[in-house]
$ cat coords-v4.cif   # mmCIF, C-alpha atoms and all ligand atoms; chains and numbers go by the auth columns
data_coords
loop_
_atom_site.group_PDB
_atom_site.id
_atom_site.type_symbol
_atom_site.label_atom_id
_atom_site.label_comp_id
_atom_site.label_asym_id
_atom_site.label_seq_id
_atom_site.Cartn_x
_atom_site.Cartn_y
_atom_site.Cartn_z
_atom_site.B_iso_or_equiv
_atom_site.auth_seq_id
_atom_site.auth_asym_id
ATOM 1 C CA MET A 1 -19.981 -7.836 -43.914 0.00 1 A
ATOM 2 C CA ALA A 2 -18.151 -7.823 -40.668 0.00 2 A
ATOM 3 C CA GLU A 3 -19.425 -10.148 -38.024 0.00 3 A
ATOM 4 C CA GLU A 4 -19.070 -9.009 -34.491 0.00 4 A
ATOM 5 C CA SER A 5 -18.603 -11.341 -31.595 0.00 5 A
ATOM 6 C CA PRO A 6 -19.740 -9.492 -28.481 0.00 6 A
ATOM 7 C CA SER A 7 -18.878 -12.308 -26.115 0.00 7 A
ATOM 8 C CA GLY A 8 -15.334 -12.475 -27.436 0.00 8 A
ATOM 9 C CA SER A 9 -14.645 -8.759 -27.023 0.00 9 A
ATOM 10 C CA PHE A 10 -16.291 -8.780 -23.619 0.00 10 A
ATOM 11 C CA LEU A 11 -13.981 -11.552 -22.479 0.00 11 A
ATOM 12 C CA SER A 12 -10.841 -9.896 -23.774 0.00 12 A
ATOM 13 C CA SER A 13 -11.757 -6.602 -22.113 0.00 13 A
ATOM 14 C CA ARG A 14 -12.304 -8.455 -18.848 0.00 14 A
ATOM 15 C CA ILE A 15 -8.877 -10.034 -19.133 0.00 15 A
ATOM 16 C CA LYS A 16 -7.313 -6.694 -19.981 0.00 16 A
ATOM 17 C CA THR A 17 -8.826 -5.136 -16.869 0.00 17 A
ATOM 18 C CA LEU A 18 -7.537 -7.999 -14.767 0.00 18 A
ATOM 19 C CA ILE A 19 -4.022 -7.639 -16.149 0.00 19 A
ATOM 20 C CA GLU A 20 -4.098 -3.900 -15.559 0.00 20 A
ATOM 21 C CA MET A 21 -5.115 -4.473 -11.951 0.00 21 A
ATOM 22 C CA ILE A 22 -2.251 -6.881 -11.401 0.00 22 A
ATOM 23 C CA ASP A 23 0.166 -4.486 -13.055 0.00 23 A
ATOM 24 C CA GLN A 24 -0.898 -1.677 -10.773 0.00 24 A
ATOM 25 C CA THR A 25 -0.436 -3.723 -7.624 0.00 25 A
ATOM 26 C CA GLN A 26 3.038 -4.718 -8.637 0.00 26 A
ATOM 27 C CA GLU A 27 4.078 -1.263 -9.734 0.00 27 A
ATOM 28 C CA LYS A 28 2.791 0.486 -6.663 0.00 28 A
ATOM 29 C CA GLU A 29 5.741 0.391 -4.388 0.00 29 A
ATOM 30 C CA LEU A 30 6.348 3.370 -2.172 0.00 30 A
ATOM 31 C CA SER A 31 9.521 5.372 -2.314 0.00 31 A
ATOM 32 C CA CYS A 32 11.078 6.555 0.951 0.00 32 A
ATOM 33 C CA ASP A 33 9.650 10.037 0.326 0.00 33 A
ATOM 34 C CA GLU A 34 6.148 8.639 -0.071 0.00 34 A
ATOM 35 C CA PHE A 35 6.671 6.523 3.005 0.00 35 A
ATOM 36 C CA HIS A 36 7.502 9.630 5.035 0.00 36 A
ATOM 37 C CA ALA A 37 4.317 11.282 3.813 0.00 37 A
ATOM 38 C CA TYR A 38 2.289 8.439 5.348 0.00 38 A
ATOM 39 C CA LEU A 39 4.485 7.692 8.361 0.00 39 A
ATOM 40 C CA GLY A 40 2.568 9.723 10.944 0.00 40 A
ATOM 41 C CA GLN A 41 -0.792 8.372 9.847 0.00 41 A
ATOM 42 C CA PHE A 42 0.572 4.843 9.697 0.00 42 A
ATOM 43 C CA ALA A 43 1.977 5.064 13.213 0.00 43 A
ATOM 44 C CA GLU A 44 -1.370 6.219 14.577 0.00 44 A
ATOM 45 C CA LEU A 45 -3.189 3.416 12.768 0.00 45 A
ATOM 46 C CA SER A 46 -0.618 0.925 14.055 0.00 46 A
ATOM 47 C CA ASP A 47 -1.585 1.986 17.538 0.00 47 A
ATOM 48 C CA GLN A 48 -5.164 0.981 16.722 0.00 48 A
ATOM 49 C CA GLY A 49 -4.091 -2.218 14.941 0.00 49 A
ATOM 50 C CA LYS A 50 -5.447 -1.021 11.594 0.00 50 A
ATOM 51 C CA ALA A 51 -2.277 0.056 9.805 0.00 51 A
ATOM 52 C CA ALA A 52 -1.685 -2.967 7.586 0.00 52 A
ATOM 53 C CA ARG A 53 -5.299 -2.999 6.429 0.00 53 A
ATOM 54 C CA VAL A 54 -5.608 0.694 5.625 0.00 54 A
ATOM 55 C CA LEU A 55 -2.080 1.351 4.372 0.00 55 A
ATOM 56 C CA PRO A 56 -0.700 -1.990 3.155 0.00 56 A
ATOM 57 C CA LEU A 57 1.877 -0.336 0.898 0.00 57 A
ATOM 58 C CA VAL A 58 3.401 1.469 3.855 0.00 58 A
ATOM 59 C CA GLY A 59 3.661 -1.830 5.704 0.00 59 A
ATOM 60 C CA LEU A 60 5.313 -3.343 2.661 0.00 60 A
ATOM 61 C CA HIS A 61 7.881 -0.565 2.578 0.00 61 A
ATOM 62 C CA LEU A 62 8.652 -1.209 6.236 0.00 62 A
ATOM 63 C CA LYS A 63 9.517 -4.780 5.360 0.00 63 A
ATOM 64 C CA ILE A 64 11.878 -3.911 2.527 0.00 64 A
ATOM 65 C CA CYS A 65 13.527 -0.750 3.902 0.00 65 A
ATOM 66 C CA SER A 66 15.372 -1.019 7.202 0.00 66 A
ATOM 67 C CA GLU A 67 16.103 2.716 7.417 0.00 67 A
ATOM 68 C CA CYS A 68 12.427 3.609 7.304 0.00 68 A
ATOM 69 C CA ARG A 69 11.651 0.821 9.756 0.00 69 A
ATOM 70 C CA GLN A 70 14.009 2.373 12.279 0.00 70 A
ATOM 71 C CA GLU A 71 12.317 5.747 11.863 0.00 71 A
ATOM 72 C CA TYR A 72 8.937 4.114 12.276 0.00 72 A
ATOM 73 C CA GLU A 73 10.015 2.315 15.438 0.00 73 A
ATOM 74 C CA ALA A 74 11.421 5.537 16.867 0.00 74 A
ATOM 75 C CA LEU A 75 8.158 7.329 16.114 0.00 75 A
ATOM 76 C CA MET A 76 6.128 4.540 17.691 0.00 76 A
ATOM 77 C CA ARG A 77 8.208 4.836 20.843 0.00 77 A
ATOM 78 C CA ILE A 78 7.475 8.564 20.992 0.00 78 A
ATOM 79 C CA LEU A 79 3.749 8.000 20.402 0.00 79 A
ATOM 80 C CA GLN A 80 3.571 5.331 23.073 0.00 80 A
ATOM 81 C CA ALA A 81 5.492 7.498 25.522 0.00 81 A
ATOM 82 C CA GLN A 82 3.031 10.336 24.916 0.00 82 A
ATOM 83 C CA GLY A 83 -0.037 8.122 24.960 0.00 83 A
ATOM 84 C CA GLY A 84 0.743 6.286 28.170 0.00 84 A
ATOM 85 C CA GLY A 85 -0.015 8.997 30.684 0.00 85 A
HETATM 86 ZN ZN ZN B . 12.490 3.675 2.922 0.00 1 B
#
$ encode --input "coords-v4.cif" --output "structure tokens"
Amino acid sequence: MAEESPSGSFLSSRIKTLIEMIDQTQEKELSCDEFHAYLGQFAELSDQGKAARVLPLVGLHLKICSECRQEYEALMRILQAQGGG
């Protein structure tokens, strides 16, 4: 005679989902290779002021990796030079 407690299992599954979500946010840090894959798109979005919202992980990498930040700044200079006719 096993008694089930639906509310209890519901709660624990909710908590599990929450923990998994937090885990994923913390684990998802871009490597430099992944950063390069997004760099062009990120630079274009930066131009429109949308970069941090659409690609927050790329922005985070910029903050922690000075080498990639220099590449990004160089690319932005090229984009702005091309854009400003
Ligand atoms: Zn990097």
$ closest_residue --input "coords-v4.cif" --among "A:Ala81, A:Met76, A:Leu39, A:Leu18" --to "Leu62 of chain A" --atoms "only C-alpha atoms"
A:Leu39
$ resolve_selection --input "coords-v4.cif" --expression "the PyMOL selection byres (((chain A and resi 55) around 12) and not hetatm)" --output "PyMOL selection string"
chain A and resi 29-30+34-35+37-46+49-54+56-62
$ closest_atom_pairs --input "coords-v4.cif" --of "chain A" --to "ligand ZN 1 (chain B)" --cutoff "6 Å" --atoms "all atoms listed in the file" --output "CSV"
residue,atom,partner,partner_atom,distance
A:Cys32,CA,B:ZN1,ZN,3.8
A:Cys65,CA,B:ZN1,ZN,4.6
A:Glu67,CA,B:ZN1,ZN,5.8
A:Cys68,CA,B:ZN1,ZN,4.4
$ atom_distance --input "coords-v4.cif" --atom1 "atom CA of Lys28 of chain A" --atom2 "atom CA of Ser9 of chain A"
28.4 Å
$ closest_residue --input "coords-v4.cif" --among "A:Asp47, A:Ile64, A:Leu11, A:His36" --to "Gln80 of chain A" --atoms "only C-alpha atoms"
A:Asp47
$ atom_distance --input "coords-v4.cif" --atom1 "atom CA of Glu71 of chain A" --atom2 "atom CA of Ser31 of chain A"
14.5 Å
$ atom_distance --input "coords-v4.cif" --atom1 "atom CA of Ile78 of chain A" --atom2 "atom CA of Asp33 of chain A"
20.8 Å
$ axis_aligned_box --input "coords-v4.cif" --around "segment 46-52 of chain A" --padding-each-side "3 Å" --output "JSON"
{"center_x": -3.0, "center_y": -0.5, "center_z": 12.6, "size_x": 10.8, "size_y": 11.0, "size_z": 16.0}
